[in-house]
$ cat run-v5.txt   # compact mmCIF, C-alpha atoms
# COMPACT_ATOMS: atom_id res chain seq x y z
CA MET I 276 0.00 0.00 0.00
CA THR I 277 1.34 3.44 -0.92
CA THR I 278 2.19 5.70 2.01
CA PRO I 279 0.33 9.03 1.78
CA ALA I 280 2.58 11.99 0.98
CA THR I 281 0.90 14.15 3.63
CA LEU I 282 1.99 12.90 7.06
CA ASP I 283 1.01 15.82 9.29
CA GLU I 284 -1.35 18.79 9.44
CA ILE I 285 -1.60 22.14 11.21
CA THR I 286 -4.00 21.99 14.15
CA ARG I 287 -3.23 25.13 16.18
CA VAL I 288 -2.12 28.69 15.44
CA ARG I 289 -1.39 31.30 18.09
CA ILE I 290 -0.84 34.96 17.17
CA SER I 291 0.56 37.55 19.57
CA SER I 292 1.11 41.29 19.29
CA VAL I 293 4.01 42.36 21.50
CA THR I 294 5.11 45.95 22.14
CA LEU I 295 8.88 46.12 22.63
CA PRO I 296 9.92 49.37 24.40
CA LEU I 297 13.22 50.99 23.44
CA ALA I 298 15.43 52.35 26.19
CA THR I 299 16.22 55.54 24.25
CA PRO I 300 14.11 57.28 21.56
CA ILE I 301 15.78 56.63 18.21
CA SER I 302 16.32 59.32 15.56
CA ASP I 303 17.66 59.12 12.02
CA ALA I 304 17.53 61.51 9.08
CA LYS I 305 13.77 61.08 8.65
CA VAL I 306 13.29 62.58 12.11
CA LEU I 307 15.49 65.57 11.34
CA THR I 308 13.37 66.36 8.26
CA GLY I 309 10.15 66.14 10.25
CA ARG I 310 8.85 63.14 8.31
CA GLN I 311 8.74 60.96 11.41
CA LYS I 312 8.86 61.21 15.16
CA PRO I 313 11.61 59.53 17.20
CA MET I 314 10.99 55.81 17.56
CA THR I 315 10.18 54.65 21.08
CA GLU I 316 8.97 51.09 20.50
CA VAL I 317 8.78 48.23 18.03
CA ALA I 318 5.54 46.32 17.45
CA MET I 319 6.27 42.60 17.10
CA LEU I 320 3.93 40.05 15.56
CA PHE I 321 4.60 36.48 16.71
CA ALA I 322 3.10 33.36 15.16
CA GLU I 323 3.30 29.95 16.83
CA ILE I 324 2.18 26.94 14.79
CA THR I 325 1.57 23.41 16.10
CA THR I 326 0.77 20.24 14.15
CA ALA I 327 -1.16 17.05 14.92
CA ALA I 328 2.15 15.23 15.37
CA GLY I 329 3.32 17.79 17.92
CA ALA I 330 5.79 19.70 15.73
CA GLU I 331 6.09 23.39 16.58
CA GLY I 332 7.43 26.48 14.87
CA ILE I 333 7.70 30.16 15.76
CA GLY I 334 8.03 33.12 13.47
CA PHE I 335 7.83 36.87 13.76
CA SER I 336 7.34 40.07 11.86
CA TYR I 337 7.54 43.65 13.10
CA SER I 338 6.56 47.23 12.50
CA LYS I 339 8.22 50.47 13.55
CA ARG I 340 6.26 53.57 14.61
CA ALA I 341 2.95 52.42 13.11
CA GLY I 342 1.25 49.37 11.64
CA GLY I 343 1.52 46.85 14.45
CA PRO I 344 -2.22 46.64 15.18
CA GLY I 345 -2.90 46.40 11.45
CA GLN I 346 -0.50 43.49 11.01
CA PHE I 347 -2.09 41.67 13.94
CA ALA I 348 -5.61 42.28 12.61
CA HIS I 349 -4.74 40.99 9.14
CA ALA I 350 -2.94 37.94 10.56
CA ARG I 351 -5.97 37.15 12.72
CA GLU I 352 -8.30 37.34 9.69
CA ILE I 353 -6.32 35.02 7.44
CA ALA I 354 -4.96 32.55 10.04
CA PRO I 355 -7.87 30.07 9.76
CA VAL I 356 -6.76 29.01 6.26
CA LEU I 357 -3.68 27.40 7.85
CA LEU I 358 -5.70 24.77 9.70
CA GLY I 359 -5.60 21.34 8.11
CA GLU I 360 -2.70 22.19 5.80
CA ASP I 361 0.44 20.10 5.52
CA PRO I 362 3.12 22.30 7.18
CA SER I 363 5.69 21.12 4.64
CA ASP I 364 3.80 22.76 1.76
CA ILE I 365 5.12 26.21 2.61
CA ALA I 366 4.92 27.77 -0.86
CA LYS I 367 1.36 26.51 -1.31
CA ILE I 368 0.40 27.92 2.08
CA TRP I 369 1.98 31.29 1.26
CA ASP I 370 -0.18 31.55 -1.87
CA LYS I 371 -3.27 30.50 0.09
CA LEU I 372 -2.63 33.21 2.70
CA VAL I 373 -2.16 35.85 0.00
CA TRP I 374 -5.42 34.92 -1.70
CA ALA I 375 -7.24 34.95 1.63
CA GLY I 376 -6.55 38.69 1.72
CA ALA I 377 -6.16 39.37 -2.00
CA SER I 378 -7.96 42.70 -2.01
CA VAL I 379 -5.22 44.33 0.09
CA GLY I 380 -2.52 43.30 -2.35
CA ARG I 381 0.72 41.35 -2.39
CA GLY I 382 3.04 43.79 -0.67
CA GLY I 383 3.33 45.95 2.41
CA LEU I 384 1.34 45.26 5.55
CA SER I 385 -0.50 42.26 4.11
CA VAL I 386 2.61 40.22 3.33
CA GLN I 387 4.34 41.41 6.51
CA ALA I 388 1.53 39.70 8.41
CA ILE I 389 1.98 36.58 6.29
CA ALA I 390 5.71 36.66 7.01
CA ALA I 391 5.23 35.64 10.64
CA PHE I 392 3.40 32.48 9.54
CA ASP I 393 5.86 31.73 6.76
CA ILE I 394 8.89 32.06 9.04
CA ALA I 395 7.19 29.86 11.65
CA LEU I 396 6.67 27.16 9.02
CA TRP I 397 10.34 27.24 8.00
CA ASP I 398 11.32 27.09 11.67
CA LEU I 399 9.03 24.08 12.12
CA LYS I 400 10.42 22.30 9.06
CA ALA I 401 14.02 22.77 10.19
CA LYS I 402 13.19 21.64 13.74
CA ARG I 403 11.49 18.52 12.41
CA ALA I 404 14.65 17.78 10.42
CA GLY I 405 16.78 18.43 13.51
CA LEU I 406 18.78 21.09 11.66
CA PRO I 407 19.52 24.80 12.02
CA LEU I 408 17.57 26.64 9.32
CA ALA I 409 20.78 27.53 7.45
CA LYS I 410 21.70 23.85 7.23
CA LEU I 411 18.25 22.93 5.98
CA LEU I 412 18.60 25.54 3.23
CA GLY I 413 22.17 24.49 2.47
CA SER I 414 24.67 26.81 4.12
CA HIS I 415 27.91 28.04 2.58
CA ARG I 416 29.43 28.98 5.93
CA ASP I 417 28.85 28.61 9.67
CA SER I 418 29.35 32.29 10.46
CA VAL I 419 28.69 35.61 8.73
CA ARG I 420 30.42 38.97 8.90
CA CYS I 421 28.45 41.34 11.12
CA TYR I 422 28.30 45.07 11.74
CA ASN I 423 26.63 47.17 14.42
CA THR I 424 24.12 49.95 13.72
CA SER I 425 22.49 50.66 17.07
CA GLY I 426 25.34 52.86 18.34
CA GLY I 427 25.44 55.27 15.42
CA PHE I 428 22.10 57.07 15.33
CA LEU I 429 21.85 60.82 14.77
CA HIS I 430 20.46 61.54 18.23
CA SER I 431 23.75 60.37 19.77
CA PRO I 432 26.56 62.92 20.33
CA ILE I 433 29.72 62.05 18.44
CA GLU I 434 31.50 61.24 21.70
CA GLU I 435 28.91 58.56 22.42
CA VAL I 436 29.09 57.24 18.85
CA LEU I 437 32.87 56.88 19.13
CA GLU I 438 32.61 55.13 22.49
CA ARG I 439 29.98 52.71 21.25
CA ALA I 440 31.98 51.98 18.10
CA ALA I 441 35.08 51.13 20.12
CA GLU I 442 33.04 48.92 22.46
CA SER I 443 31.47 47.07 19.53
CA VAL I 444 34.81 46.35 17.89
CA ALA I 445 36.28 45.22 21.21
CA GLY I 446 33.26 42.93 21.65
CA GLY I 447 33.89 41.12 18.38
CA ILE I 448 31.80 43.11 15.88
CA GLY I 449 33.35 43.28 12.41
CA GLY I 450 32.03 46.62 11.20
CA ILE I 451 30.39 49.87 12.25
CA LYS I 452 27.55 51.67 10.50
CA ILE I 453 26.58 55.19 11.44
CA LYS I 454 23.68 57.33 10.34
CA VAL I 455 24.15 60.41 8.18
CA GLY I 456 21.73 63.01 6.83
CA HIS I 457 22.31 66.13 8.90
CA PRO I 458 21.12 69.36 7.25
CA ASP I 459 24.74 70.49 7.37
CA HIS I 460 26.68 68.06 5.20
CA ALA I 461 29.91 69.09 6.88
CA THR I 462 28.60 67.62 10.13
CA ASP I 463 28.09 64.25 8.47
CA LEU I 464 31.58 64.29 6.99
CA ALA I 465 33.14 65.27 10.32
CA ARG I 466 31.30 62.50 12.21
CA VAL I 467 32.18 59.79 9.71
CA THR I 468 35.82 60.95 9.59
CA ALA I 469 36.00 60.83 13.38
CA VAL I 470 34.68 57.26 13.45
CA ARG I 471 37.13 56.19 10.76
CA GLU I 472 40.00 57.65 12.78
CA LYS I 473 38.72 55.95 15.95
CA ILE I 474 38.35 52.43 14.57
CA GLY I 475 41.17 52.57 12.03
CA ASP I 476 41.33 51.49 8.42
CA GLY I 477 41.19 47.79 9.27
CA VAL I 478 37.57 47.85 10.49
CA ALA I 479 34.68 47.99 8.03
CA LEU I 480 32.75 51.27 8.06
CA MET I 481 29.37 51.94 6.45
CA VAL I 482 26.98 54.93 6.42
CA ASP I 483 23.20 55.10 6.09
CA ALA I 484 21.39 58.22 4.84
CA ASN I 485 17.87 56.78 5.29
CA GLN I 486 16.64 58.28 1.99
CA GLN I 487 17.59 61.80 3.09
CA TRP I 488 19.25 63.25 -0.03
CA ASP I 489 18.07 64.33 -3.44
CA ARG I 490 20.20 63.37 -6.44
CA PRO I 491 22.57 66.39 -6.42
CA ALA I 492 23.19 66.07 -2.68
CA ALA I 493 23.74 62.34 -3.00
CA ARG I 494 26.36 62.85 -5.71
CA ARG I 495 28.17 65.42 -3.58
CA MET I 496 28.14 63.24 -0.48
CA CYS I 497 29.18 60.07 -2.30
CA ARG I 498 32.11 61.99 -3.75
CA ALA I 499 33.05 63.43 -0.36
CA PHE I 500 32.99 59.98 1.29
CA GLU I 501 35.10 58.23 -1.38
CA PRO I 502 38.47 58.80 0.40
CA LEU I 503 37.21 57.19 3.63
CA GLY I 504 37.12 53.66 2.23
CA LEU I 505 33.52 52.91 3.16
CA VAL I 506 32.12 49.45 2.50
CA TRP I 507 28.87 51.02 1.34
CA ILE I 508 26.63 54.08 1.33
CA GLU I 509 23.09 53.04 2.20
CA GLU I 510 19.82 54.53 0.98
CA PRO I 511 21.27 57.80 -0.31
CA LEU I 512 17.99 58.43 -2.21
CA ASP I 513 14.30 57.65 -1.94
CA ALA I 514 13.90 53.88 -1.73
CA TYR I 515 11.94 53.78 -4.99
CA ASP I 516 14.35 55.93 -7.00
CA PHE I 517 15.89 52.89 -8.68
CA GLU I 518 17.24 54.96 -11.55
CA GLY I 519 18.97 57.42 -9.22
CA HIS I 520 20.56 54.63 -7.20
CA ALA I 521 21.74 53.02 -10.44
CA MET I 522 23.38 56.30 -11.46
CA LEU I 523 25.29 56.45 -8.17
CA ALA I 524 26.30 52.79 -8.36
CA ALA I 525 27.69 53.32 -11.85
CA THR I 526 29.53 56.55 -10.94
CA PHE I 527 31.30 55.86 -7.64
CA ASP I 528 33.71 53.23 -6.39
CA THR I 529 31.96 52.96 -3.02
CA SER I 530 29.16 50.41 -3.20
CA ILE I 531 25.55 51.55 -3.06
CA ALA I 532 23.30 49.51 -0.76
CA THR I 533 19.52 49.64 -0.59
CA GLY I 534 16.39 47.51 -0.40
CA GLU I 535 15.30 47.45 3.25
CA MET I 536 12.16 49.52 2.60
CA LEU I 537 10.95 47.41 -0.30
CA ALA I 538 7.90 45.42 0.71
CA SER I 539 7.79 42.53 -1.78
CA ALA I 540 10.00 40.28 -3.85
CA ALA I 541 8.57 41.97 -6.95
CA GLU I 542 9.89 45.37 -5.85
CA HIS I 543 13.34 43.88 -5.32
CA ALA I 544 13.16 42.42 -8.81
CA GLU I 545 12.59 45.91 -10.20
CA LEU I 546 15.50 47.32 -8.17
CA ILE I 547 17.82 44.60 -9.42
CA ARG I 548 16.61 44.93 -13.01
CA ALA I 549 17.40 48.64 -12.85
CA ARG I 550 20.91 47.90 -11.49
CA GLY I 551 20.06 50.11 -8.57
CA ALA I 552 22.30 48.46 -5.98
CA ASP I 553 25.69 46.85 -5.60
CA ILE I 554 24.49 45.37 -2.31
CA VAL I 555 20.85 44.36 -1.81
CA GLN I 556 19.32 44.59 1.66
CA PRO I 557 16.08 42.62 1.74
CA ASP I 558 14.23 42.12 5.01
CA ALA I 559 12.45 38.76 5.35
CA PRO I 560 9.61 40.04 7.55
CA ARG I 561 9.02 42.96 5.18
CA VAL I 562 8.96 41.00 1.92
CA GLY I 563 6.63 38.27 3.18
CA GLY I 564 8.90 35.79 4.91
CA ILE I 565 11.61 33.32 3.99
CA THR I 566 9.75 31.95 0.96
CA GLN I 567 9.86 35.36 -0.71
CA PHE I 568 13.34 36.19 0.60
CA LEU I 569 14.69 33.11 -1.18
CA LYS I 570 13.37 34.51 -4.46
CA VAL I 571 15.24 37.76 -3.83
CA MET I 572 18.38 35.77 -3.00
CA ALA I 573 18.16 33.87 -6.29
CA LEU I 574 17.79 37.10 -8.28
CA ALA I 575 20.67 38.75 -6.42
CA GLU I 576 22.95 35.78 -7.00
CA HIS I 577 22.07 35.66 -10.69
CA HIS I 578 23.13 39.31 -11.00
CA HIS I 579 26.35 38.79 -8.99
CA LEU I 580 25.30 41.11 -6.17
CA GLN I 581 26.26 41.09 -2.52
CA LEU I 582 23.70 40.52 0.23
CA ALA I 583 23.33 42.40 3.52
CA PRO I 584 19.88 41.71 5.02
CA HIS I 585 18.24 44.42 7.10
CA PHE I 586 17.53 44.02 10.85
CA ALA I 587 16.10 40.76 12.36
CA MET I 588 19.49 39.08 12.74
CA GLU I 589 17.89 36.04 14.40
CA ILE I 590 16.43 35.19 10.98
CA HIS I 591 18.95 36.73 8.64
CA VAL I 592 22.08 35.04 9.97
CA HIS I 593 20.64 31.81 8.55
CA LEU I 594 19.75 33.32 5.19
CA ALA I 595 23.08 35.10 4.77
CA ALA I 596 24.90 31.88 5.65
CA ALA I 597 23.02 30.16 2.81
CA TYR I 598 23.97 32.82 0.22
CA PRO I 599 26.88 31.83 -2.06
CA ARG I 600 28.71 35.16 -1.72
CA GLU I 601 30.06 36.32 1.63
CA GLY I 602 27.75 39.02 2.91
CA TRP I 603 26.94 40.93 6.08
CA VAL I 604 24.35 40.71 8.85
CA GLU I 605 23.20 43.74 10.81
CA HIS I 606 23.64 43.49 14.58
CA PHE I 607 20.95 45.08 16.75
CA GLU I 608 20.61 44.16 20.41
CA TRP I 609 17.08 45.61 20.50
CA LEU I 610 15.33 42.24 20.16
CA ASP I 611 17.45 40.45 22.77
CA PRO I 612 14.80 40.64 25.56
CA LEU I 613 12.30 38.81 23.36
CA PHE I 614 14.26 35.56 23.20
CA ASN I 615 15.82 33.13 25.66
CA GLU I 616 18.80 32.44 23.38
CA HIS I 617 21.30 34.86 21.83
CA LEU I 618 23.73 34.69 18.96
CA GLU I 619 27.45 34.37 19.54
CA ILE I 620 29.63 37.11 18.07
CA SER I 621 33.42 36.96 17.87
CA GLY I 622 36.19 37.64 15.42
CA GLY I 623 34.04 40.08 13.48
CA ARG I 624 31.45 37.40 12.76
CA MET I 625 28.02 36.19 13.87
CA HIS I 626 28.02 32.44 14.42
CA LEU I 627 25.30 29.91 13.73
CA SER I 628 24.36 27.74 16.67
CA GLY I 629 23.63 24.03 16.48
CA ARG I 630 20.10 24.59 17.73
CA PRO I 631 17.44 23.46 15.24
CA GLY I 632 15.26 25.91 13.34
CA LEU I 633 15.88 29.58 14.02
CA GLY I 634 17.41 28.53 17.32
CA VAL I 635 15.34 30.87 19.49
CA THR I 636 12.39 30.55 21.87
CA ILE I 637 10.08 33.32 23.07
CA SER I 638 10.98 34.72 26.49
CA GLU I 639 8.71 35.35 29.44
CA GLN I 640 9.47 39.05 29.06
CA ALA I 641 7.99 38.95 25.57
CA ARG I 642 4.89 37.26 26.98
CA ALA I 643 4.63 40.04 29.56
CA TRP I 644 4.74 42.70 26.83
CA THR I 645 1.90 41.05 24.89
CA VAL I 646 -0.91 43.52 24.15
CA ALA I 647 -3.18 41.27 22.07
CA GLU I 648 -3.35 37.58 21.21
CA THR I 649 -5.64 35.04 19.64
CA GLU I 650 -5.58 31.29 19.12
CA ILE I 651 -7.38 29.09 16.63
CA ARG I 652 -7.62 25.31 16.64
CA ALA I 653 -8.84 22.66 14.24
$ encode --input "run-v5.txt" --output "structure tokens"
Amino acid sequence: MTTPATLDEITRVRISSVTLPLATPISDAKVLTGRQKPMTEVAMLFAEITTAAGAEGIGFSYSKRAGGPGQFAHAREIAPVLLGEDPSDIAKIWDKLVWAGASVGRGGLSVQAIAAFDIALWDLKAKRAGLPLAKLLGSHRDSVRCYNTSGGFLHSPIEEVLERAAESVAGGIGGIKIKVGHPDHATDLARVTAVREKIGDGVALMVDANQQWDRPAARRMCRAFEPLGLVWIEEPLDAYDFEGHAMLAATFDTSIATGEMLASAAEHAELIRARGADIVQPDAPRVGGITQFLKVMALAEHHHLQLAPHFAMEIHVHLAAAYPREGWVEHFEWLDPLFNEHLEISGGRMHLSGRPGLGVTISEQARAWTVAETEIRA
């Protein structure tokens, strides 16, 4: 008798909205221009999936400043379509979730809600195989170069930025990224020069303009930064100005990095088609999860681009380890209180653990910060 191909099914889904407070209000160039207020919290969307056989997976998405309640509401509406599905059929389930909310589209908030489910399913699959997610995908390395961003925001005085940079390097971080985008361009140049002098030429240095400049300003600043040996200049222009980014990438030796604000694999395809980046920076929760991130990875590899995923290092260390070209992972300690386990960093690199799946479990502190939750069962 033939053994059925489907051996398990989803029987329980739990969704939680968690508000993560930040110790210090965070400001970048968008705050200086009045587009946004300082960030004081991150809204996390957790999905926990359980099967009839007892397999479990956790995934998460997030939203900054606004959108958290919307993500939770959309996730709650579409979650019932998961019940009864084979958890191994992740691509099929992704399509089913998209069509359950088709009228709100295939990008942005709708797929960011789906991302939490998708990531949970990949976590479950890797756990069932007894493998770290990177090993399930087929890793090229057991560690990835990492850089710190959280110490270089514009609200921090340069003395604090220099102190944090030195501490990060001493703690095993491989690179430092600082924010730029002051109204006075000379201030940006002075701050970046000071960091370069502090950490030396042997430590990777990146800058992030958070879409602050127009095209003339971006050309001037890219030219001014050329002598400092930066690894990349990030988001010098509006995230959707693919043509402008392509112009900068073709003109300057310093690599142009962008992609974190794009909210679908299709948008990344347009960026790559336009040759708008030397380094692509997709964010798995923002593009709809790991299923969609893998499509971006395939496109980036085909076009011989580097990869430096944005935020969510607990997910992205696995994905960067599975990318053929050596890339970078962004280190933020912001999410540390949400998980019981933490990544090891040494020698300029973030190391995979031997724990199966993503290798993290939700902490009691995260449970305490829960502001809304729902559970559905078969």
$ closest_residue --input "run-v5.txt" --among "I:Ser418, I:Thr462, I:Thr566, I:Thr645" --to "Arg624 in chain I" --atoms "all atoms listed in the file"
I:Ser418
$ closest_atom_pairs --input "run-v5.txt" --of "range 411-485 of chain I" --to "range 506-530 of chain I" --cutoff "10 Å" --atoms "all atoms listed in the file" --output "CSV"
residue,atom,partner,partner_atom,distance
I:Gly450,CA,I:Val506,CA,9.1
I:Ile451,CA,I:Val506,CA,9.9
I:Lys452,CA,I:Trp507,CA,9.3
I:Lys454,CA,I:Glu509,CA,9.2
I:Val455,CA,I:Pro511,CA,9.3
I:Gly456,CA,I:Pro511,CA,8.9
I:Val478,CA,I:Val506,CA,9.8
I:Ala479,CA,I:Val506,CA,6.3
I:Leu480,CA,I:Val506,CA,5.9
I:Met481,CA,I:Trp507,CA,5.2
I:Val482,CA,I:Ile508,CA,5.2
I:Asp483,CA,I:Glu509,CA,4.4
I:Ala484,CA,I:Pro511,CA,5.2
I:Asn485,CA,I:Glu510,CA,5.2
$ closest_residue --input "run-v5.txt" --among "I:Leu610, I:Ala492, I:Ile433, I:Ala375" --to "Arg466 in chain I" --atoms "only C-alpha atoms"
I:Ile433
$ residues_around --input "run-v5.txt" --residues "Lys410 in chain I" --least-positions-apart "6" --cutoff "12 Å" --atoms "only C-alpha atoms" --output "VMD selection string"
chain I and resid 397 to 398 400 to 402 404 416 to 418 592 to 598 627 to 634
$ residues_around --input "run-v5.txt" --residues "range 360-365 of chain I" --least-positions-apart "5" --cutoff "6 Å" --atoms "only C-alpha atoms" --output "ChimeraX atom specification"
/I:283-285
$ closest_residue --input "run-v5.txt" --among "I:Ala322, I:Leu297, I:Met536, I:Met314" --to "Ala391 in chain I" --atoms "all atoms listed in the file"
I:Ala322
$ closest_residue --input "run-v5.txt" --among "I:Ile394, I:Ile474, I:Ile531, I:Leu464" --to "Ala441 in chain I" --atoms "all atoms listed in the file"
I:Ile474
$ closest_residue --input "run-v5.txt" --among "I:Ala388, I:Leu320, I:Val604, I:Leu503" --to "Ile590 in chain I" --atoms "all atoms listed in the file"
I:Val604
